[in-house]
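Novice: Here you go, work-v3.cif (mmCIF, C-alpha atoms (C1' of nucleotides)):
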data_upload
loop_
_atom_site.group_PDB
_atom_site.id
_atom_site.type_symbol
_atom_site.label_atom_id
_atom_site.label_comp_id
_atom_site.auth_asym_id
_atom_site.auth_seq_id
_atom_site.Cartn_x
_atom_site.Cartn_y
_atom_site.Cartn_z
ATOM 1 C CA MET G 1 30.493 112.501 257.062
ATOM 2 C CA ARG G 2 30.761 110.494 253.870
ATOM 3 C CA ILE G 3 29.748 106.903 253.530
ATOM 4 C CA GLY G 4 33.252 105.473 253.734
ATOM 5 C CA GLU G 5 33.946 107.012 257.087
ATOM 6 C CA LEU G 6 30.546 106.069 258.445
ATOM 7 C CA SER G 7 31.178 102.555 257.265
ATOM 8 C CA LYS G 8 34.506 102.391 259.021
ATOM 9 C CA ARG G 9 33.159 103.858 262.248
ATOM 10 C CA SER G 10 30.000 101.803 262.377
ATOM 11 C CA GLY G 11 31.473 98.552 261.194
ATOM 12 C CA LEU G 12 28.730 98.234 258.590
ATOM 13 C CA SER G 13 29.488 97.908 254.896
ATOM 14 C CA ARG G 14 28.790 100.752 252.502
ATOM 15 C CA ASP G 15 26.235 98.572 250.826
ATOM 16 C CA THR G 16 24.448 98.011 254.090
ATOM 17 C CA LEU G 17 24.385 101.736 254.774
ATOM 18 C CA ARG G 18 22.951 102.472 251.342
ATOM 19 C CA PHE G 19 20.473 99.685 251.876
ATOM 20 C CA TYR G 20 19.424 101.144 255.225
ATOM 21 C CA GLU G 21 19.014 104.527 253.681
ATOM 22 C CA LYS G 22 16.879 103.178 250.886
ATOM 23 C CA GLN G 23 14.716 101.532 253.517
ATOM 24 C CA GLY G 24 14.405 104.824 255.316
ATOM 25 C CA LEU G 25 16.310 103.882 258.449
ATOM 26 C CA ILE G 26 18.885 106.600 258.119
ATOM 27 C CA HIS G 27 19.068 109.790 256.091
ATOM 28 C CA SER G 28 21.692 111.859 254.366
ATOM 29 C CA ARG G 29 21.564 115.292 252.885
ATOM 30 C CA PRO G 30 22.849 114.856 249.399
ATOM 31 C CA GLY G 31 25.887 116.654 248.103
ATOM 32 C CA ALA G 32 26.521 119.585 250.400
ATOM 33 C CA ALA G 33 29.246 120.482 247.989
ATOM 34 C CA ALA G 34 26.588 120.486 245.298
ATOM 35 C CA THR G 35 29.207 119.490 242.790
ATOM 36 C CA ASN G 36 28.922 115.796 243.424
ATOM 37 C CA ASN G 37 26.113 113.596 244.585
ATOM 38 C CA TYR G 38 27.932 111.982 247.469
ATOM 39 C CA ARG G 39 25.931 111.249 250.523
ATOM 40 C CA ASP G 40 26.661 113.356 253.567
ATOM 41 C CA TYR G 41 25.585 111.905 256.866
ATOM 42 C CA PRO G 42 25.046 113.952 260.020
ATOM 43 C CA LYS G 43 27.210 112.729 262.859
ATOM 44 C CA ASP G 44 24.343 111.459 264.977
ATOM 45 C CA THR G 45 23.769 108.788 262.361
ATOM 46 C CA LEU G 46 26.312 106.733 264.254
ATOM 47 C CA ILE G 47 24.134 106.810 267.337
ATOM 48 C CA GLN G 48 21.113 105.872 265.288
ATOM 49 C CA LEU G 49 22.986 102.925 263.853
ATOM 50 C CA GLU G 50 23.769 101.780 267.361
ATOM 51 C CA GLN G 51 20.108 101.925 268.242
ATOM 52 C CA ILE G 52 19.201 100.041 265.123
ATOM 53 C CA ALA G 53 21.697 97.361 266.064
ATOM 54 C CA ASP G 54 20.100 97.157 269.495
ATOM 55 C CA ALA G 55 16.704 96.758 267.920
ATOM 56 C CA GLN G 56 17.939 94.025 265.627
ATOM 57 C CA ALA G 57 19.600 92.242 268.495
ATOM 58 C CA ALA G 58 16.215 92.308 270.171
ATOM 59 C CA GLY G 59 14.759 90.527 267.170
ATOM 60 C CA MET G 60 13.038 93.462 265.507
ATOM 61 C CA SER G 61 12.824 93.585 261.753
ATOM 62 C CA ILE G 62 13.759 96.650 259.761
ATOM 63 C CA ALA G 63 10.094 97.270 259.090
ATOM 64 C CA ASP G 64 9.438 97.297 262.817
ATOM 65 C CA VAL G 65 12.247 99.734 263.456
ATOM 66 C CA ILE G 66 10.829 102.075 260.844
ATOM 67 C CA LEU G 67 7.422 101.865 262.462
ATOM 68 C CA PHE G 68 8.987 102.566 265.813
ATOM 69 C CA LEU G 69 10.929 105.565 264.554
ATOM 70 C CA SER G 70 7.939 107.057 262.789
ATOM 71 C CA GLN G 71 6.088 106.548 266.019
ATOM 72 C CA LEU G 72 8.512 108.682 267.961
ATOM 73 C CA GLU G 73 8.345 111.482 265.479
ATOM 74 C CA ALA G 74 4.628 111.709 265.083
ATOM 75 C CA ALA G 75 3.526 110.737 268.553
ATOM 76 C CA ASP G 76 0.065 112.135 268.049
ATOM 77 C CA SER G 77 -0.962 110.737 264.700
ATOM 78 C CA ASP G 78 -4.142 108.995 265.721
ATOM 79 C CA ASP G 79 -4.597 106.724 262.746
ATOM 80 C CA PHE G 80 -2.249 104.282 264.396
ATOM 81 C CA ASP G 81 -2.268 102.853 267.872
ATOM 82 C CA GLY G 82 1.258 103.523 268.963
ATOM 83 C CA GLU G 83 0.666 102.491 272.530
ATOM 84 C CA ALA G 84 -0.575 99.092 271.500
ATOM 85 C CA PHE G 85 2.304 98.727 269.095
ATOM 86 C CA LEU G 86 4.820 99.607 271.754
ATOM 87 C CA GLN G 87 3.254 97.304 274.287
ATOM 88 C CA ALA G 88 3.266 94.439 271.817
ATOM 89 C CA ARG G 89 6.971 94.914 271.064
ATOM 90 C CA ILE G 90 7.795 95.227 274.742
ATOM 91 C CA ASP G 91 6.011 91.980 275.467
ATOM 92 C CA GLU G 92 7.668 90.210 272.577
ATOM 93 C CA ILE G 93 11.130 91.317 273.523
ATOM 94 C CA THR G 94 10.623 90.553 277.180
ATOM 95 C CA TYR G 95 9.584 87.063 276.208
ATOM 96 C CA ARG G 96 12.503 86.699 273.878
ATOM 97 C CA ILE G 97 14.919 87.719 276.594
ATOM 98 C CA LYS G 98 13.396 85.180 278.930
ATOM 99 C CA ARG G 99 13.901 82.443 276.360
ATOM 100 C CA SER G 100 17.415 83.621 275.635
ATOM 101 C CA GLU G 101 18.299 83.428 279.293
ATOM 102 C CA ARG G 102 16.894 79.963 279.549
ATOM 103 C CA PHE G 103 19.053 78.924 276.646
ATOM 104 C CA LEU G 104 22.048 80.653 278.149
ATOM 105 C CA ASP G 105 21.574 78.564 281.264
ATOM 106 C CA SER G 106 21.593 75.373 279.285
ATOM 107 C CA LEU G 107 24.781 76.463 277.565
ATOM 108 C CA ARG G 108 26.352 77.079 280.956
ATOM 109 C CA ARG G 109 25.297 73.677 282.144
ATOM 110 C CA ALA G 110 26.814 72.135 279.041
ATOM 111 C CA GLN G 111 29.961 74.039 279.827
ATOM 112 C CA GLN G 112 29.992 72.506 283.271
ATOM 113 C CA VAL G 113 29.702 69.057 281.803
ATOM 114 C CA LEU G 114 32.581 69.671 279.420
ATOM 115 C CA ALA G 115 34.731 71.093 282.181
ATOM 116 C CA THR G 116 34.176 68.043 284.331
ATOM 117 C CA PRO G 117 36.943 65.466 283.746
ATOM 118 C CA PRO G 118 35.736 62.303 281.959
ATOM 119 C CA THR G 119 33.995 59.798 284.196
ATOM 120 C CA GLU G 120 36.282 57.223 285.783
ATOM 121 C CA SER G 121 33.385 54.785 285.887
ATOM 122 C CA MET P 1 3.149 60.697 268.067
ATOM 123 C CA ARG P 2 2.388 61.502 264.463
ATOM 124 C CA ILE P 3 3.251 64.750 262.779
ATOM 125 C CA GLY P 4 -0.230 66.231 262.980
ATOM 126 C CA GLU P 5 -0.392 65.928 266.715
ATOM 127 C CA LEU P 6 3.135 67.203 267.190
ATOM 128 C CA SER P 7 2.256 70.132 264.996
ATOM 129 C CA LYS P 8 -0.801 70.954 267.043
ATOM 130 C CA ARG P 9 1.028 70.629 270.340
ATOM 131 C CA SER P 10 4.122 72.537 269.339
ATOM 132 C CA GLY P 11 2.401 75.210 267.350
ATOM 133 C CA LEU P 12 4.753 74.584 264.433
ATOM 134 C CA SER P 13 3.491 73.672 260.989
ATOM 135 C CA ARG P 14 3.908 70.172 259.615
ATOM 136 C CA ASP P 15 6.150 71.609 256.951
ATOM 137 C CA THR P 16 8.348 73.187 259.559
ATOM 138 C CA LEU P 17 8.607 69.924 261.445
ATOM 139 C CA ARG P 18 9.583 68.031 258.297
ATOM 140 C CA PHE P 19 12.034 70.789 257.517
ATOM 141 C CA TYR P 20 13.574 70.514 260.984
ATOM 142 C CA GLU P 21 13.842 66.795 260.619
ATOM 143 C CA LYS P 22 15.557 67.092 257.271
ATOM 144 C CA GLN P 23 18.018 69.473 258.880
ATOM 145 C CA GLY P 24 18.653 66.956 261.624
ATOM 146 C CA LEU P 25 17.176 68.935 264.490
ATOM 147 C CA ILE P 26 14.631 66.321 265.436
ATOM 148 C CA HIS P 27 14.246 62.646 264.659
ATOM 149 C CA SER P 28 11.474 60.163 264.112
ATOM 150 C CA ARG P 29 11.483 56.454 263.882
ATOM 151 C CA PRO P 30 9.720 55.671 260.661
ATOM 152 C CA GLY P 31 6.563 53.650 260.487
ATOM 153 C CA ALA P 32 6.327 51.660 263.691
ATOM 154 C CA ALA P 33 3.329 50.072 262.105
ATOM 155 C CA ALA P 34 5.570 49.068 259.200
ATOM 156 C CA THR P 35 2.575 49.234 256.933
ATOM 157 C CA ASN P 36 2.873 52.925 256.243
ATOM 158 C CA ASN P 37 5.754 55.344 256.205
ATOM 159 C CA TYR P 38 4.316 57.858 258.615
ATOM 160 C CA ARG P 39 6.741 59.560 260.935
ATOM 161 C CA ASP P 40 6.485 58.597 264.571
ATOM 162 C CA TYR P 41 7.951 61.070 267.012
ATOM 163 C CA PRO P 42 8.979 60.180 270.553
ATOM 164 C CA LYS P 43 7.202 62.322 273.096
ATOM 165 C CA ASP P 44 10.299 64.182 274.236
ATOM 166 C CA THR P 45 10.442 65.797 270.812
ATOM 167 C CA LEU P 46 8.141 68.423 272.245
ATOM 168 C CA ILE P 47 10.730 69.339 274.834
ATOM 169 C CA GLN P 48 13.415 69.469 272.195
ATOM 170 C CA LEU P 49 11.292 71.808 270.138
ATOM 171 C CA GLU P 50 10.982 74.088 273.130
ATOM 172 C CA GLN P 51 14.728 74.160 273.484
ATOM 173 C CA ILE P 52 15.146 74.860 269.815
ATOM 174 C CA ALA P 53 12.748 77.759 270.149
ATOM 175 C CA ASP P 54 14.796 79.070 273.050
ATOM 176 C CA ALA P 55 17.936 78.834 270.989
ATOM 177 C CA GLN P 56 16.334 80.662 268.112
ATOM 178 C CA ALA P 57 15.034 83.352 270.402
ATOM 179 C CA ALA P 58 18.628 83.766 271.529
ATOM 180 C CA GLY P 59 19.605 84.364 267.928
ATOM 181 C CA MET P 60 21.177 81.010 267.162
ATOM 182 C CA SER P 61 20.893 79.615 263.678
ATOM 183 C CA ILE P 62 19.749 76.083 262.993
ATOM 184 C CA ALA P 63 23.301 75.180 262.069
ATOM 185 C CA ASP P 64 24.463 76.381 265.469
ATOM 186 C CA VAL P 65 21.816 74.401 267.249
ATOM 187 C CA ILE P 66 22.912 71.273 265.434
ATOM 188 C CA LEU P 67 26.501 71.916 266.417
ATOM 189 C CA PHE P 68 25.420 72.433 269.980
ATOM 190 C CA LEU P 69 23.395 69.246 270.076
ATOM 191 C CA SER P 70 26.159 67.172 268.549
ATOM 192 C CA GLN P 71 28.412 68.699 271.128
ATOM 193 C CA LEU P 72 26.323 67.424 273.995
ATOM 194 C CA GLU P 73 26.235 63.930 272.612
ATOM 195 C CA ALA P 74 29.891 63.504 271.791
ATOM 196 C CA ALA P 75 31.437 65.574 274.544
ATOM 197 C CA ASP P 76 34.839 64.036 274.054
ATOM 198 C CA SER P 77 35.357 64.188 270.322
ATOM 199 C CA ASP P 78 38.591 66.083 270.243
ATOM 200 C CA ASP P 79 38.551 67.224 266.656
ATOM 201 C CA PHE P 80 36.393 70.104 267.697
ATOM 202 C CA ASP P 81 36.860 72.594 270.461
ATOM 203 C CA GLY P 82 33.537 72.426 272.175
ATOM 204 C CA GLU P 83 34.583 74.594 275.048
ATOM 205 C CA ALA P 84 35.599 77.421 272.759
ATOM 206 C CA PHE P 85 32.398 77.011 270.792
ATOM 207 C CA LEU P 86 30.298 77.158 273.907
ATOM 208 C CA GLN P 87 32.138 80.146 275.265
ATOM 209 C CA ALA P 88 31.724 82.008 271.986
ATOM 210 C CA ARG P 89 27.968 81.388 271.962
ATOM 211 C CA ILE P 90 27.661 82.367 275.600
ATOM 212 C CA ASP P 91 29.450 85.629 274.928
ATOM 213 C CA GLU P 92 27.360 86.342 271.856
ATOM 214 C CA ILE P 93 24.102 85.710 273.587
ATOM 215 C CA THR P 94 25.078 87.662 276.673
ATOM 216 C CA TYR P 95 25.886 90.587 274.437
ATOM 217 C CA ARG P 96 22.661 90.214 272.534
ATOM 218 C CA ILE P 97 20.673 90.226 275.739
ATOM 219 C CA LYS P 98 22.443 93.384 276.850
ATOM 220 C CA ARG P 99 21.531 95.084 273.597
ATOM 221 C CA SER P 100 17.974 93.810 273.804
ATOM 222 C CA GLU P 101 17.589 95.252 277.251
ATOM 223 C CA ARG P 102 18.924 98.575 276.137
ATOM 224 C CA PHE P 103 16.372 98.617 273.370
ATOM 225 C CA LEU P 104 13.650 97.565 275.762
ATOM 226 C CA ASP P 105 14.498 100.575 277.893
ATOM 227 C CA SER P 106 14.137 102.898 274.967
ATOM 228 C CA LEU P 107 10.766 101.365 274.177
ATOM 229 C CA ARG P 108 9.696 101.967 277.759
ATOM 230 C CA ARG P 109 10.816 105.553 277.565
ATOM 231 C CA ALA P 110 8.849 105.985 274.366
ATOM 232 C CA GLN P 111 5.881 104.523 276.167
ATOM 233 C CA GLN P 112 6.270 107.142 278.859
ATOM 234 C CA VAL P 113 6.262 109.876 276.274
ATOM 235 C CA LEU P 114 3.119 108.552 274.672
ATOM 236 C CA ALA P 115 1.401 108.190 277.995
ATOM 237 C CA THR P 116 2.165 111.767 278.916
ATOM 238 C CA PRO P 117 -0.728 114.060 277.913
ATOM 239 C CA PRO P 118 0.127 116.443 275.068
ATOM 240 C CA THR P 119 2.048 119.507 276.152
ATOM 241 C CA GLU P 120 -0.089 122.473 277.125
ATOM 242 C CA SER P 121 2.726 124.763 276.090
ATOM 243 C "C1'" DC N 1 47.988 115.066 235.920
ATOM 244 C "C1'" DA N 2 47.581 110.227 236.191
ATOM 245 C "C1'" DA N 3 46.687 106.562 239.310
ATOM 246 C "C1'" DA N 4 44.454 105.293 243.301
ATOM 247 C "C1'" DA N 5 40.746 105.790 246.222
ATOM 248 C "C1'" DC N 6 36.187 106.995 246.775
ATOM 249 C "C1'" DC N 7 31.396 107.569 245.421
ATOM 250 C "C1'" DA N 8 26.772 106.644 242.731
ATOM 251 C "C1'" DT N 9 23.041 103.727 240.582
ATOM 252 C "C1'" DG N 10 20.632 99.651 239.159
ATOM 253 C "C1'" DG N 11 19.939 95.158 239.295
ATOM 254 C "C1'" DA N 12 21.207 90.388 240.101
ATOM 255 C "C1'" DG N 13 22.525 86.985 243.537
ATOM 256 C "C1'" DT N 14 22.942 84.709 248.296
ATOM 257 C "C1'" DG N 15 21.700 82.281 252.548
ATOM 258 C "C1'" DG N 16 18.603 81.332 256.149
ATOM 259 C "C1'" DA N 17 14.210 79.774 257.471
ATOM 260 C "C1'" DG N 18 10.507 78.447 256.268
ATOM 261 C "C1'" DT N 19 5.948 77.905 253.131
ATOM 262 C "C1'" DC N 20 3.126 76.154 249.281
ATOM 263 C "C1'" DA N 21 1.498 73.118 245.766
ATOM 264 C "C1'" DA N 22 1.027 68.918 243.180
ATOM 265 C "C1'" DT N 23 0.555 64.192 243.309
ATOM 266 C "C1'" DG N 24 -0.442 60.071 245.441
ATOM 267 C "C1'" DG N 25 -0.681 56.630 249.365
ATOM 268 C "C1'" DT N 26 -3.013 55.404 254.280
ATOM 269 C "C1'" DT N 27 -6.397 55.843 258.182
ATOM 270 C "C1'" DT N 28 -10.319 57.148 260.328
ATOM 271 C "C1'" DT N 29 -15.110 57.878 260.568
ATOM 272 C "C1'" DG N 30 -20.180 58.192 259.782
ATOM 273 C "C1'" DC B 1 -17.091 51.397 251.996
ATOM 274 C "C1'" DA B 2 -16.815 56.025 250.480
ATOM 275 C "C1'" DA B 3 -15.578 60.537 251.981
ATOM 276 C "C1'" DA B 4 -12.845 63.078 254.915
ATOM 277 C "C1'" DA B 5 -8.727 63.552 257.254
ATOM 278 C "C1'" DC B 6 -4.086 62.486 257.497
ATOM 279 C "C1'" DC B 7 0.469 61.426 255.718
ATOM 280 C "C1'" DA B 8 4.643 61.301 252.243
ATOM 281 C "C1'" DT B 9 7.906 63.348 248.714
ATOM 282 C "C1'" DT B 10 9.757 66.611 245.531
ATOM 283 C "C1'" DG B 11 10.589 70.860 244.095
ATOM 284 C "C1'" DA B 12 9.403 75.541 243.473
ATOM 285 C "C1'" DC B 13 8.543 79.749 245.850
ATOM 286 C "C1'" DT B 14 8.632 83.676 249.406
ATOM 287 C "C1'" DC B 15 10.646 87.019 252.560
ATOM 288 C "C1'" DC B 16 14.288 89.202 254.783
ATOM 289 C "C1'" DA B 17 18.611 91.304 255.119
ATOM 290 C "C1'" DC B 18 22.099 91.840 252.947
ATOM 291 C "C1'" DT B 19 26.023 91.389 249.323
ATOM 292 C "C1'" DC B 20 28.126 91.602 244.813
ATOM 293 C "C1'" DC B 21 28.790 93.400 240.254
ATOM 294 C "C1'" DA B 22 29.088 96.336 236.353
ATOM 295 C "C1'" DT B 23 29.475 100.769 234.822
ATOM 296 C "C1'" DG B 24 30.700 105.306 235.295
ATOM 297 C "C1'" DG B 25 31.470 109.838 237.736
ATOM 298 C "C1'" DT B 26 34.467 112.592 241.519
ATOM 299 C "C1'" DT B 27 38.370 113.391 244.830
ATOM 300 C "C1'" DT B 28 42.605 112.761 246.670
ATOM 301 C "C1'" DT B 29 47.357 111.949 246.458
ATOM 302 C "C1'" DG B 30 52.264 111.318 245.101
#
Go ahead and render the structure in this file as structure tokens.

Specialist:
Amino acid sequence: MRIGELSKRSGLSRDTLRFYEKQGLIHSRPGAAATNNYRDYPKDTLIQLEQIADAQAAGMSIADVILFLSQLEAADSDDFDGEAFLQARIDEITYRIKRSERFLDSLRRAQQVLATPPTES
Amino acid sequence: MRIGELSKRSGLSRDTLRFYEKQGLIHSRPGAAATNNYRDYPKDTLIQLEQIADAQAAGMSIADVILFLSQLEAADSDDFDGEAFLQARIDEITYRIKRSERFLDSLRRAQQVLATPPTES
DNA sequence: CAAAACCATGGAGTGGAGTCAATGGTTTTG
DNA sequence: CAAAACCATTGACTCCACTCCATGGTTTTG
């Protein structure tokens, strides 16, 4: 799949896709046709982009996502404590969700207030 | 409360607090002592900072938080559709939480994989 | 086959959210 | 009362995640 189609399907701009690739988040095999140097993305890139979006929604930086991905691929490289890394992210995200829900509640309360007809003091 | 104490209690830097104040997120009455121009923060600023942190955790920008706050104070200004604004934020955040939880699940699965002793093929 | 549509690279620019540094005034403390 | 600790302002700077542009090559299409 070429970048234009991936862009359309993922909803991300071409520039963002090229940026992600430069960062190492996604990969393309260059020019299958060999005549040009157009990027050619495997179809599961779309799924990966979804996962990246999930990670970003959870507050992870691109650098974190890269660390996480490299972690999955080389699960037994022992120069890096993957378990600690994972646990730290899990804790962070759990905490973030808790805070988000608290904020959501206050938005709902505000909604209640707005929905209530003005006081007839 | 002066900025140093607020900083210590909130865990935010003085610079961040001054930055927030410039943005209009928090307020101080200047120099109660009248002799200096030190900021003096009411004690409920701490609570407000907590709420701001919640909002940020939920992915809201500072500009959004300001809009939200102004919304609570002037609930009947009719040049702005507060209900639509609130509903949009609620939807956004709900969606973000859903994505975060999906990502959390994949982290937990990765954790499982790491915890599993290497295959004895 | 020419115009339109698509692709590439490199590098500059943007916006959000702080962070740092320089300079100088005020309070607290031993 | 001097030194240390605290405070103020202004403006420059950083980092992140894009986004835009200029320039030029490749494909597709009518």

Novice: Report the closest atom pair, with its distance in Å rounded to one decimal, for each residue of chain G that has an atom no farther than 10 Å from chain N; count only C-alpha atoms (C1' of nucleotides), sort by chain and then rising residue number, and write it as JSON lines.

Specialist:
{"residue": "G:Arg2", "atom": "CA", "partner": "N:DC7", "partner_atom": "C1'", "distance": 9.0}
{"residue": "G:Ile3", "atom": "CA", "partner": "N:DC7", "partner_atom": "C1'", "distance": 8.3}
{"residue": "G:Gly4", "atom": "CA", "partner": "N:DC6", "partner_atom": "C1'", "distance": 7.7}
{"residue": "G:Asn36", "atom": "CA", "partner": "N:DC7", "partner_atom": "C1'", "distance": 8.8}
{"residue": "G:Asn37", "atom": "CA", "partner": "N:DA8", "partner_atom": "C1'", "distance": 7.2}
{"residue": "G:Tyr38", "atom": "CA", "partner": "N:DC7", "partner_atom": "C1'", "distance": 6.0}
{"residue": "G:Arg39", "atom": "CA", "partner": "N:DC7", "partner_atom": "C1'", "distance": 8.3}

Novice: Would you write out those residues with C-alpha atoms, as an mmCIF file, keeping the file's coordinate frame?

Specialist:
data_model
loop_
_atom_site.group_PDB
_atom_site.id
_atom_site.type_symbol
_atom_site.label_atom_id
_atom_site.label_comp_id
_atom_site.auth_asym_id
_atom_site.auth_seq_id
_atom_site.Cartn_x
_atom_site.Cartn_y
_atom_site.Cartn_z
ATOM 1 C CA ARG G 2 30.761 110.494 253.870
ATOM 2 C CA ILE G 3 29.748 106.903 253.530
ATOM 3 C CA GLY G 4 33.252 105.473 253.734
ATOM 4 C CA ASN G 36 28.922 115.796 243.424
ATOM 5 C CA ASN G 37 26.113 113.596 244.585
ATOM 6 C CA TYR G 38 27.932 111.982 247.469
ATOM 7 C CA ARG G 39 25.931 111.249 250.523
#

Novice: Could you give me, as a tab-separated table, every chain B residue with an atom at most 12 Å from chain P, plus its closest atom pair and distance in Å to one decimal, counting only C-alpha atoms (C1' of nucleotides), rows ordered by chain then number?

Specialist:
residue	atom	partner	partner_atom	distance
B:DA5	C1'	P:Gly4	CA	10.6
B:DC6	C1'	P:Gly4	CA	7.7
B:DC7	C1'	P:Tyr38	CA	6.0
B:DA8	C1'	P:Asn37	CA	7.2
B:DT9	C1'	P:Arg18	CA	10.8

Novice: Could you jot down the atom CA of Ser106 of chain P to atom CA of Phe85 of chain G separation for me, Å, one decimal place?

Specialist: 13.9 Å

Novice: Please build the interface table for chain G against chain P with a cut-off of 6 Å, listing for each qualifying residue the nearest atom pair and the distance in Å to one decimal; count all atoms listed in the file, order rows by chain and increasing number, and write it as a tab-separated table.

Specialist:
residue	atom	partner	partner_atom	distance
G:Asp54	CA	P:Arg99	CA	4.8
G:Ala55	CA	P:Phe103	CA	5.8
G:Ala57	CA	P:Arg96	CA	5.5
G:Ala58	CA	P:Ser100	CA	4.3
G:Arg96	CA	P:Ala57	CA	5.4
G:Arg99	CA	P:Asp54	CA	4.8
G:Ser100	CA	P:Ala58	CA	4.3
G:Phe103	CA	P:Asp54	CA	5.6

Novice: Give, as AutoDock Vina command-line options, the centre coordinates and the x, y and z edge lengths in Å to one decimal for an axis-aligned box around all listed atoms of segment 6-17 of chain B, padded by 3 Å on each side.

Specialist:
--center_x 7.3 --center_y 76.3 --center_z 250.5 --size_x 28.7 --size_y 36.0 --size_z 20.0

Novice: Would you mind reading off the distance between atom CA of Glu21 of chain G and atom C1' of DC18 of chain B, one decimal, in Å?

Specialist: 13.1 Å

Novice: Suppose you want the space between atom CA of Lys8 of chain G and atom CA of Arg29 of chain G; what is it in Å?

Specialist: 19.3 Å

Novice: Taking the file as I've supplied it (selection: the PyMOL selection byres ((chain B and resi 17) around 9)), which residues are included? Please answer as a list in words.

Specialist: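 Applying the PyMOL selection byres ((chain B and resi 17) around 9) to the structure shown produces Thr16 and Ile62 of chain G; DC16 and DC18 of chain B.
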
Novice: For Asp44 of chain G, which residue out of G:Met1, G:Leu67, G:Glu92, G:Arg109 is the nearest one, using only C-alpha atoms?

Specialist: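 Closest candidate: G:Met1.
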
Novice: Here's a test: counting all atoms listed in the file, identify every protein, DNA and RNA residue with an atom at most 12 Å from (9.2, 62.2, 269.8) in the file's coordinate frame, and state them as a PyMOL selection string.

Specialist: chain P and resi 1-3+5-7+9-10+17+21+25-30+39-49
